[in-house]
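Novice: Just entry.cif, nothing more (mmCIF, C-alpha atoms):
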```cif
data_input
loop_
_atom_site.group_PDB
_atom_site.id
_atom_site.type_symbol
_atom_site.label_atom_id
_atom_site.label_comp_id
_atom_site.auth_asym_id
_atom_site.auth_seq_id
_atom_site.Cartn_x
_atom_site.Cartn_y
_atom_site.Cartn_z
ATOM 1 C CA MET K 687 -89.967 -127.461 159.039
ATOM 2 C CA VAL K 688 -86.375 -127.349 157.898
ATOM 3 C CA LEU K 689 -84.069 -130.181 156.868
ATOM 4 C CA SER K 690 -80.904 -130.043 158.952
ATOM 5 C CA SER K 691 -77.598 -131.147 157.464
ATOM 6 C CA ALA K 692 -77.933 -134.353 159.486
ATOM 7 C CA ASP K 693 -81.358 -134.922 157.905
ATOM 8 C CA LYS K 694 -79.969 -134.324 154.401
ATOM 9 C CA ASN K 695 -77.158 -136.737 155.089
ATOM 10 C CA ASN K 696 -79.545 -139.404 156.412
ATOM 11 C CA VAL K 697 -81.723 -139.059 153.324
ATOM 12 C CA LYS K 698 -78.742 -139.392 150.984
ATOM 13 C CA ILE K 699 -77.551 -142.467 152.868
ATOM 14 C CA ILE K 700 -80.887 -144.238 152.875
ATOM 15 C CA PHE K 701 -81.439 -143.558 149.187
ATOM 16 C CA SER K 702 -78.001 -144.898 148.342
ATOM 17 C CA LYS K 703 -78.841 -148.034 150.370
ATOM 18 C CA ILE K 704 -82.111 -148.352 148.451
ATOM 19 C CA GLY K 705 -80.113 -147.911 145.256
ATOM 20 C CA GLY K 706 -81.597 -149.552 142.182
ATOM 21 C CA HIS K 707 -84.585 -150.841 144.156
ATOM 22 C CA ALA K 708 -86.114 -147.367 144.236
ATOM 23 C CA GLU K 709 -88.284 -148.092 141.191
ATOM 24 C CA ASP K 710 -89.701 -151.235 142.787
ATOM 25 C CA TYR K 711 -90.254 -149.409 146.048
ATOM 26 C CA GLY K 712 -92.256 -146.768 144.187
ATOM 27 C CA GLY K 713 -94.523 -149.413 142.705
ATOM 28 C CA GLU K 714 -94.922 -151.211 146.011
ATOM 29 C CA ALA K 715 -95.713 -147.963 147.837
ATOM 30 C CA LEU K 716 -98.463 -147.207 145.333
ATOM 31 C CA GLU K 717 -99.842 -150.727 145.585
ATOM 32 C CA ARG K 718 -99.922 -150.469 149.382
ATOM 33 C CA MET K 719 -101.547 -147.045 149.187
ATOM 34 C CA PHE K 720 -104.352 -148.279 146.921
ATOM 35 C CA VAL K 721 -105.024 -151.252 149.194
ATOM 36 C CA THR K 722 -104.660 -149.441 152.521
ATOM 37 C CA TYR K 723 -106.391 -146.199 151.528
ATOM 38 C CA PRO K 724 -108.921 -147.146 148.819
ATOM 39 C CA GLN K 725 -110.033 -143.521 148.403
ATOM 40 C CA THR K 726 -106.692 -142.844 146.694
ATOM 41 C CA LYS K 727 -107.839 -144.998 143.786
ATOM 42 C CA THR K 728 -110.205 -142.207 142.776
ATOM 43 C CA TYR K 729 -107.281 -140.453 141.118
ATOM 44 C CA PHE K 730 -106.638 -143.406 138.832
ATOM 45 C CA PRO K 731 -109.917 -144.412 137.195
ATOM 46 C CA HIS K 732 -107.985 -144.849 133.960
ATOM 47 C CA PHE K 733 -105.574 -147.391 135.463
ATOM 48 C CA ASP K 734 -105.744 -151.105 135.930
ATOM 49 C CA LEU K 735 -105.190 -151.240 139.691
ATOM 50 C CA GLY K 736 -105.203 -155.015 140.011
ATOM 51 C CA LYS K 737 -102.302 -156.838 141.628
ATOM 52 C CA GLY K 738 -99.179 -156.773 139.460
ATOM 53 C CA SER K 739 -100.515 -154.018 137.234
ATOM 54 C CA ALA K 740 -97.947 -152.854 134.707
ATOM 55 C CA GLN K 741 -99.423 -149.349 134.821
ATOM 56 C CA VAL K 742 -98.945 -149.153 138.600
ATOM 57 C CA LYS K 743 -95.363 -150.430 138.262
ATOM 58 C CA ALA K 744 -94.621 -147.835 135.579
ATOM 59 C CA HIS K 745 -96.169 -145.077 137.622
ATOM 60 C CA GLY K 746 -94.247 -146.249 140.675
ATOM 61 C CA LYS K 747 -91.020 -145.799 138.707
ATOM 62 C CA LYS K 748 -91.984 -142.194 137.928
ATOM 63 C CA VAL K 749 -92.782 -141.461 141.564
ATOM 64 C CA ALA K 750 -89.519 -143.046 142.721
ATOM 65 C CA ALA K 751 -87.534 -141.115 140.123
ATOM 66 C CA ALA K 752 -88.982 -137.868 141.436
ATOM 67 C CA LEU K 753 -88.067 -138.791 145.014
ATOM 68 C CA VAL K 754 -84.525 -139.685 143.940
ATOM 69 C CA GLU K 755 -84.267 -136.396 142.040
ATOM 70 C CA ALA K 756 -85.415 -134.512 145.130
ATOM 71 C CA ALA K 757 -82.916 -136.415 147.312
ATOM 72 C CA ASN K 758 -80.110 -135.628 144.842
ATOM 73 C CA ASN K 759 -81.055 -131.939 144.921
ATOM 74 C CA ILE K 760 -81.971 -131.794 148.536
ATOM 75 C CA ASP K 761 -80.747 -128.221 148.958
ATOM 76 C CA ASP K 762 -83.326 -127.053 146.457
ATOM 77 C CA ILE K 763 -86.250 -129.472 146.341
ATOM 78 C CA ALA K 764 -88.576 -126.702 145.140
ATOM 79 C CA GLY K 765 -86.320 -126.041 142.184
ATOM 80 C CA ALA K 766 -85.833 -129.706 141.363
ATOM 81 C CA LEU K 767 -89.564 -130.453 141.439
ATOM 82 C CA SER K 768 -90.813 -127.152 140.040
ATOM 83 C CA LYS K 769 -92.347 -128.677 136.923
ATOM 84 C CA LEU K 770 -93.991 -131.443 138.938
ATOM 85 C CA SER K 771 -95.315 -128.822 141.310
ATOM 86 C CA ASP K 772 -96.924 -126.976 138.379
ATOM 87 C CA LEU K 773 -98.394 -130.210 137.093
ATOM 88 C CA HIS K 774 -99.973 -131.108 140.428
ATOM 89 C CA ALA K 775 -101.384 -127.602 140.874
ATOM 90 C CA GLN K 776 -102.796 -127.108 137.417
ATOM 91 C CA LYS K 777 -103.681 -130.522 136.156
ATOM 92 C CA LEU K 778 -103.584 -133.302 138.734
ATOM 93 C CA ARG K 779 -104.888 -131.403 141.787
ATOM 94 C CA VAL K 780 -104.412 -134.342 144.121
ATOM 95 C CA ASP K 781 -105.782 -133.316 147.505
ATOM 96 C CA PRO K 782 -102.860 -132.477 149.820
ATOM 97 C CA VAL K 783 -103.879 -135.063 152.412
ATOM 98 C CA ASN K 784 -102.908 -137.861 150.024
ATOM 99 C CA PHE K 785 -99.207 -137.034 150.011
ATOM 100 C CA LYS K 786 -99.078 -138.042 153.676
ATOM 101 C CA LEU K 787 -100.751 -141.332 152.828
ATOM 102 C CA LEU K 788 -98.238 -142.133 150.086
ATOM 103 C CA GLY K 789 -95.443 -141.019 152.414
ATOM 104 C CA GLN K 790 -96.651 -143.441 155.084
ATOM 105 C CA CYS K 791 -96.691 -146.272 152.551
ATOM 106 C CA PHE K 792 -93.216 -145.423 151.280
ATOM 107 C CA LEU K 793 -91.917 -145.549 154.861
ATOM 108 C CA VAL K 794 -93.608 -148.929 155.336
ATOM 109 C CA VAL K 795 -91.906 -150.234 152.184
ATOM 110 C CA VAL K 796 -88.495 -148.974 153.281
ATOM 111 C CA ALA K 797 -89.051 -150.406 156.782
ATOM 112 C CA SER K 798 -90.092 -153.804 155.489
ATOM 113 C CA HIS K 799 -87.111 -154.115 153.120
ATOM 114 C CA ASN K 800 -84.410 -152.318 155.137
ATOM 115 C CA PRO K 801 -85.298 -152.549 158.810
ATOM 116 C CA ALA K 802 -81.703 -152.153 159.973
ATOM 117 C CA ALA K 803 -81.149 -149.039 157.855
ATOM 118 C CA LEU K 804 -84.311 -147.316 159.055
ATOM 119 C CA THR K 805 -83.029 -146.328 162.475
ATOM 120 C CA PRO K 806 -85.188 -143.879 164.445
ATOM 121 C CA GLU K 807 -82.964 -140.989 163.336
ATOM 122 C CA VAL K 808 -83.129 -141.975 159.668
ATOM 123 C CA HIS K 809 -86.886 -142.565 160.016
ATOM 124 C CA ALA K 810 -87.283 -139.021 161.344
ATOM 125 C CA SER K 811 -85.206 -137.530 158.518
ATOM 126 C CA LEU K 812 -86.962 -139.519 155.793
ATOM 127 C CA ASP K 813 -90.368 -138.573 157.200
ATOM 128 C CA LYS K 814 -89.347 -134.889 157.166
ATOM 129 C CA PHE K 815 -88.035 -135.249 153.611
ATOM 130 C CA LEU K 816 -91.276 -136.838 152.377
ATOM 131 C CA CYS K 817 -93.256 -134.034 154.083
ATOM 132 C CA ALA K 818 -91.036 -131.477 152.353
ATOM 133 C CA VAL K 819 -91.669 -133.114 148.968
ATOM 134 C CA GLY K 820 -95.425 -133.068 149.599
ATOM 135 C CA THR K 821 -95.243 -129.419 150.600
ATOM 136 C CA VAL K 822 -93.386 -128.531 147.390
ATOM 137 C CA LEU K 823 -95.861 -130.438 145.220
ATOM 138 C CA THR K 824 -98.826 -128.617 146.764
ATOM 139 C CA ALA K 825 -97.138 -125.220 147.114
ATOM 140 C CA LYS K 826 -98.776 -123.670 144.050
ATOM 141 C CA TYR K 827 -102.278 -125.007 144.691
ATOM 142 C CA ARG K 828 -103.630 -121.602 145.680
ATOM 143 C CA MET A 1141 -119.781 -150.853 165.701
ATOM 144 C CA VAL A 1142 -116.908 -151.490 163.337
ATOM 145 C CA HIS A 1143 -117.210 -154.400 160.946
ATOM 146 C CA TRP A 1144 -114.212 -156.702 160.721
ATOM 147 C CA SER A 1145 -114.056 -159.298 157.986
ATOM 148 C CA ALA A 1146 -112.781 -162.757 158.866
ATOM 149 C CA GLU A 1147 -109.677 -162.020 156.802
ATOM 150 C CA GLU A 1148 -108.964 -158.778 158.672
ATOM 151 C CA LYS A 1149 -109.345 -160.519 162.041
ATOM 152 C CA GLN A 1150 -106.995 -163.260 160.903
ATOM 153 C CA LEU A 1151 -104.387 -160.801 159.610
ATOM 154 C CA ILE A 1152 -104.495 -158.857 162.873
ATOM 155 C CA SER A 1153 -104.270 -161.838 165.187
ATOM 156 C CA SER A 1154 -101.624 -163.683 163.189
ATOM 157 C CA ILE A 1155 -99.296 -160.693 163.423
ATOM 158 C CA TRP A 1156 -100.227 -159.963 167.046
ATOM 159 C CA GLY A 1157 -99.444 -163.530 168.031
ATOM 160 C CA LYS A 1158 -95.817 -162.962 167.031
ATOM 161 C CA VAL A 1159 -95.376 -159.479 168.481
ATOM 162 C CA ASN A 1160 -93.007 -158.980 171.394
ATOM 163 C CA VAL A 1161 -95.190 -156.445 173.179
ATOM 164 C CA GLU A 1162 -92.412 -155.082 175.367
ATOM 165 C CA GLU A 1163 -89.960 -154.556 172.486
ATOM 166 C CA CYS A 1164 -92.442 -153.262 169.941
ATOM 167 C CA GLY A 1165 -94.154 -151.008 172.454
ATOM 168 C CA ALA A 1166 -90.869 -149.501 173.574
ATOM 169 C CA GLU A 1167 -89.733 -149.020 169.990
ATOM 170 C CA ALA A 1168 -92.997 -147.449 168.859
ATOM 171 C CA LEU A 1169 -93.086 -144.940 171.688
ATOM 172 C CA ALA A 1170 -89.407 -144.074 171.284
ATOM 173 C CA ARG A 1171 -89.863 -143.501 167.565
ATOM 174 C CA LEU A 1172 -92.911 -141.298 168.244
ATOM 175 C CA LEU A 1173 -90.810 -139.101 170.525
ATOM 176 C CA ILE A 1174 -87.922 -139.020 168.041
ATOM 177 C CA VAL A 1175 -89.804 -138.592 164.756
ATOM 178 C CA TYR A 1176 -92.340 -136.116 166.172
ATOM 179 C CA PRO A 1177 -90.377 -134.408 168.928
ATOM 180 C CA TRP A 1178 -93.248 -132.166 169.965
ATOM 181 C CA THR A 1179 -94.889 -135.262 171.440
ATOM 182 C CA GLN A 1180 -92.260 -135.093 174.192
ATOM 183 C CA ARG A 1181 -94.409 -132.385 175.745
ATOM 184 C CA PHE A 1182 -96.384 -135.047 177.572
ATOM 185 C CA PHE A 1183 -93.378 -136.680 179.132
ATOM 186 C CA SER A 1184 -91.486 -134.005 181.039
ATOM 187 C CA SER A 1185 -91.332 -136.348 184.050
ATOM 188 C CA PHE A 1186 -89.539 -139.059 182.068
ATOM 189 C CA GLY A 1187 -86.046 -137.693 182.565
ATOM 190 C CA ASN A 1188 -83.472 -137.657 179.772
ATOM 191 C CA LEU A 1189 -85.085 -137.237 176.334
ATOM 192 C CA SER A 1190 -82.268 -135.115 174.966
ATOM 193 C CA SER A 1191 -81.257 -137.324 172.033
ATOM 194 C CA PRO A 1192 -82.502 -140.326 170.046
ATOM 195 C CA THR A 1193 -80.038 -142.511 171.965
ATOM 196 C CA ALA A 1194 -81.256 -141.158 175.303
ATOM 197 C CA ILE A 1195 -84.887 -141.677 174.304
ATOM 198 C CA THR A 1196 -84.340 -145.223 173.042
ATOM 199 C CA GLY A 1197 -82.513 -146.214 176.225
ATOM 200 C CA ASN A 1198 -84.806 -144.382 178.630
ATOM 201 C CA PRO A 1199 -86.358 -146.968 180.984
ATOM 202 C CA LYS A 1200 -89.508 -144.886 181.549
ATOM 203 C CA VAL A 1201 -90.067 -144.681 177.795
ATOM 204 C CA ARG A 1202 -89.638 -148.436 177.500
ATOM 205 C CA ALA A 1203 -91.997 -149.145 180.363
ATOM 206 C CA HIS A 1204 -94.633 -146.763 179.095
ATOM 207 C CA GLY A 1205 -94.341 -148.108 175.568
ATOM 208 C CA LYS A 1206 -94.979 -151.599 176.900
ATOM 209 C CA LYS A 1207 -98.020 -150.323 178.828
ATOM 210 C CA VAL A 1208 -99.469 -148.630 175.745
ATOM 211 C CA LEU A 1209 -99.012 -151.627 173.464
ATOM 212 C CA THR A 1210 -100.365 -154.003 176.102
ATOM 213 C CA SER A 1211 -103.507 -151.914 176.018
ATOM 214 C CA PHE A 1212 -103.686 -152.471 172.252
ATOM 215 C CA GLY A 1213 -103.968 -156.145 173.107
ATOM 216 C CA ASP A 1214 -107.243 -155.374 174.860
ATOM 217 C CA ALA A 1215 -108.594 -153.874 171.663
ATOM 218 C CA ILE A 1216 -107.555 -156.940 169.702
ATOM 219 C CA LYS A 1217 -109.316 -159.213 172.200
ATOM 220 C CA ASN A 1218 -112.434 -157.056 171.882
ATOM 221 C CA LEU A 1219 -112.535 -156.084 168.215
ATOM 222 C CA ASP A 1220 -116.313 -155.981 168.343
ATOM 223 C CA ASN A 1221 -116.387 -153.465 171.160
ATOM 224 C CA ILE A 1222 -113.324 -151.263 170.937
ATOM 225 C CA LYS A 1223 -115.421 -148.209 171.874
ATOM 226 C CA GLY A 1224 -116.445 -149.788 175.177
ATOM 227 C CA THR A 1225 -112.953 -151.117 175.831
ATOM 228 C CA TYR A 1226 -111.430 -147.629 175.608
ATOM 229 C CA SER A 1227 -114.223 -145.595 177.184
ATOM 230 C CA LYS A 1228 -112.450 -144.989 180.500
ATOM 231 C CA LEU A 1229 -109.045 -144.504 178.867
ATOM 232 C CA SER A 1230 -110.606 -141.920 176.582
ATOM 233 C CA GLU A 1231 -111.906 -139.945 179.541
ATOM 234 C CA LEU A 1232 -108.525 -140.211 181.195
ATOM 235 C CA HIS A 1233 -106.646 -138.917 178.130
ATOM 236 C CA CYS A 1234 -109.034 -135.971 177.910
ATOM 237 C CA GLU A 1235 -109.612 -134.980 181.498
ATOM 238 C CA LYS A 1236 -106.336 -135.858 183.196
ATOM 239 C CA LEU A 1237 -103.679 -136.220 180.524
ATOM 240 C CA HIS A 1238 -104.921 -133.517 178.098
ATOM 241 C CA VAL A 1239 -103.566 -135.321 175.037
ATOM 242 C CA ASP A 1240 -104.561 -134.008 171.596
ATOM 243 C CA PRO A 1241 -106.133 -137.021 169.806
ATOM 244 C CA GLU A 1242 -103.948 -136.308 166.777
ATOM 245 C CA ASN A 1243 -101.193 -137.964 168.799
ATOM 246 C CA PHE A 1244 -103.073 -141.277 168.729
ATOM 247 C CA ARG A 1245 -103.027 -141.165 164.937
ATOM 248 C CA LEU A 1246 -99.320 -140.381 164.903
ATOM 249 C CA LEU A 1247 -98.557 -143.295 167.239
ATOM 250 C CA GLY A 1248 -100.734 -145.594 165.152
ATOM 251 C CA ASP A 1249 -98.785 -144.770 161.975
ATOM 252 C CA ILE A 1250 -95.499 -145.300 163.794
ATOM 253 C CA LEU A 1251 -96.695 -148.673 165.111
ATOM 254 C CA VAL A 1252 -97.495 -149.788 161.561
ATOM 255 C CA ILE A 1253 -93.969 -148.870 160.467
ATOM 256 C CA VAL A 1254 -92.456 -150.752 163.419
ATOM 257 C CA LEU A 1255 -94.504 -153.834 162.517
ATOM 258 C CA ALA A 1256 -93.373 -153.541 158.889
ATOM 259 C CA SER A 1257 -89.733 -153.430 159.992
ATOM 260 C CA HIS A 1258 -90.188 -156.563 162.154
ATOM 261 C CA PHE A 1259 -92.270 -158.621 159.764
ATOM 262 C CA GLY A 1260 -90.894 -157.593 156.366
ATOM 263 C CA ARG A 1261 -92.595 -159.458 153.537
ATOM 264 C CA ASP A 1262 -95.134 -160.969 155.933
ATOM 265 C CA PHE A 1263 -96.504 -157.480 156.484
ATOM 266 C CA SER A 1264 -98.359 -157.610 153.182
ATOM 267 C CA PRO A 1265 -100.472 -154.782 151.773
ATOM 268 C CA ALA A 1266 -103.590 -156.568 153.056
ATOM 269 C CA CYS A 1267 -101.942 -156.790 156.465
ATOM 270 C CA GLN A 1268 -101.141 -153.094 156.389
ATOM 271 C CA PHE A 1269 -104.752 -152.349 155.494
ATOM 272 C CA ALA A 1270 -106.069 -154.313 158.479
ATOM 273 C CA TRP A 1271 -103.589 -152.759 160.887
ATOM 274 C CA GLN A 1272 -104.074 -149.190 159.650
ATOM 275 C CA LYS A 1273 -107.785 -149.781 160.090
ATOM 276 C CA LEU A 1274 -107.189 -151.076 163.624
ATOM 277 C CA VAL A 1275 -104.974 -148.171 164.694
ATOM 278 C CA GLY A 1276 -107.511 -145.780 163.199
ATOM 279 C CA VAL A 1277 -110.348 -147.390 165.133
ATOM 280 C CA VAL A 1278 -108.309 -147.316 168.365
ATOM 281 C CA ALA A 1279 -107.459 -143.635 167.823
ATOM 282 C CA HIS A 1280 -111.117 -142.858 167.185
ATOM 283 C CA ALA A 1281 -112.219 -144.754 170.297
ATOM 284 C CA LEU A 1282 -109.664 -142.947 172.444
ATOM 285 C CA ALA A 1283 -110.926 -139.601 171.163
ATOM 286 C CA ARG A 1284 -114.573 -140.475 171.511
ATOM 287 C CA ARG A 1285 -115.146 -139.327 175.101
ATOM 288 C CA TYR A 1286 -113.412 -135.981 174.640
ATOM 289 C CA HIS A 1287 -115.385 -132.926 175.625
#
```
Is it possible to express this structure as structure tokens?
Specialist:
Amino acid sequence: MVLSSADKNNVKIIFSKIGGHAEDYGGEALERMFVTYPQTKTYFPHFDLGKGSAQVKAHGKKVAAALVEAANNIDDIAGALSKLSDLHAQKLRVDPVNFKLLGQCFLVVVASHNPAALTPEVHASLDKFLCAVGTVLTAKYR
Amino acid sequence: MVHWSAEEKQLISSIWGKVNVEECGAEALARLLIVYPWTQRFFSSFGNLSSPTAITGNPKVRAHGKKVLTSFGDAIKNLDNIKGTYSKLSELHCEKLHVDPENFRLLGDILVIVLASHFGRDFSPACQFAWQKLVGVVAHALARRYH
């Protein structure tokens, strides 16, 4: 699966529309993921996962920052996220299936806050982008 | 039999009560065909699917989307027997239509995103949970009679 230049453009546009809200979106996506897919909580036994958790908000900011970094370096996502890829492979070892779940929740957040911006074409591009990020983060697993 | 809490039932029906089945159905199916283009393989008789614009405006896509989402309504009316509700449709999708059940999961995820875009804040995390559960149960029921 390859990101076309139209895809890359769509991703840049949607992220610029999201702008400074990216951090909040990250937190909301995590919150939705923990509620919608409770099995994902197993990776965070050390977190307070209650509503409004400061730890979830902070972690959401980190996740969003990584997505923004990937979007800003969309021609070389593997390079941009290389360290994160190492981290996930060696330390975190989050099962690959979970990246799809977080991706779904991120799309839901974007859809609920920016319905007009998430046209079918942009939706397709963003979905591909999120898949690409997941692929990079799990690339060194074995 | 799937257990639905009173809260889940309420979250499902309160959203469903405000859904324009024709619009949402058309949009969900169009997005499925656009976001996951390989799903177009089942619709070679639908005419022009050559671009997102063509797909979105295609009257057969719209009509079929409405049909599919109307069928969801049957599940919602029969939450306590979704398996039974979809028994014949499951056989049909296996024996006549030859649809890989993975496609039901893809459509379910797309439907959730469409609902989120229509309902915004009202599509709370708890709402998303109930609806993801519902689309998962529907997908499972549709796959159940496969052989």
Novice: List the residues matched by the PyMOL selection byres ((chain A) within 8 of (chain K)) in the displayed structure as a list in words, ordered by chain and then by residue number.
Specialist: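 Expected selection for the PyMOL selection byres ((chain A) within 8 of (chain K)) here is Arg1171, Ile1174, Val1175, Tyr1176, Pro1192, Asp1249, Val1252, Ile1253, Val1254, Ala1256, Ser1257, His1258, Phe1259, Gly1260, Arg1261, Phe1263, Pro1265, Ala1266, Gln1268, Phe1269, Ala1270 and Gln1272 of chain A.
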Novice: For the structure provided, state which residues fall under the PyMOL selection byres ((chain K and resi 748) around 12), and present them as a count of residues only.
Specialist: 22
Novice: Quick check on the file I pasted: which residues fall under the PyMOL selection byres ((chain A and resi 1180) around 12)? Write them as a PyMOL selection string.
Specialist: chain A and resi 1169-1179+1181-1192+1195+1201+1239+1243
Novice: Give, as JSON, the centre coordinates and the x, y and z edge lengths in Å to one decimal for an axis-aligned box around all listed atoms of segment 1255-1267 of chain A, padded by 5 Å on each side.
Specialist:
```
{"center_x": -96.7, "center_y": -157.2, "center_z": 157.1, "size_x": 23.9, "size_y": 17.5, "size_z": 20.7}
```
Novice: I want to know what sits within 12 Å of Leu1209 of chain A, based on all atoms listed in the file, with residues of the same chain fewer than 4 positions away left out; could you give that as a compact mmCIF listing (two decimals) with C-alpha atoms, keeping the file's coordinate frame?
Specialist:
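Result went into around.txt, see below:
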```txt
# COMPACT_ATOMS: atom_id res chain seq x y z
CA TRP A 1156 -100.23 -159.96 167.05
CA VAL A 1159 -95.38 -159.48 168.48
CA ASN A 1160 -93.01 -158.98 171.39
CA VAL A 1161 -95.19 -156.44 173.18
CA GLU A 1162 -92.41 -155.08 175.37
CA GLU A 1163 -89.96 -154.56 172.49
CA CYS A 1164 -92.44 -153.26 169.94
CA GLY A 1165 -94.15 -151.01 172.45
CA ALA A 1166 -90.87 -149.50 173.57
CA GLU A 1167 -89.73 -149.02 169.99
CA ALA A 1168 -93.00 -147.45 168.86
CA LEU A 1169 -93.09 -144.94 171.69
CA ARG A 1202 -89.64 -148.44 177.50
CA ALA A 1203 -92.00 -149.15 180.36
CA HIS A 1204 -94.63 -146.76 179.10
CA GLY A 1205 -94.34 -148.11 175.57
CA GLY A 1213 -103.97 -156.15 173.11
CA ASP A 1214 -107.24 -155.37 174.86
CA ALA A 1215 -108.59 -153.87 171.66
CA ILE A 1216 -107.56 -156.94 169.70
CA LEU A 1247 -98.56 -143.29 167.24
CA GLY A 1248 -100.73 -145.59 165.15
CA LEU A 1251 -96.70 -148.67 165.11
CA VAL A 1275 -104.97 -148.17 164.69
CA VAL A 1278 -108.31 -147.32 168.36
```
Novice: Between atom CA of Gln725 of chain K and atom CA of Tyr1286 of chain A, what distance in Å does the model show, to one decimal?
Specialist: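 Value for the atom CA of Gln725 of chain K-atom CA of Tyr1286 of chain A distance: 27.5 Å.
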Novice: Have a look at K:Pro731, K:Ala775, K:Asn784, K:Ile760 and name the one nearest to Phe815 of chain K; count all atoms listed in the file.
Specialist: K:Ile760
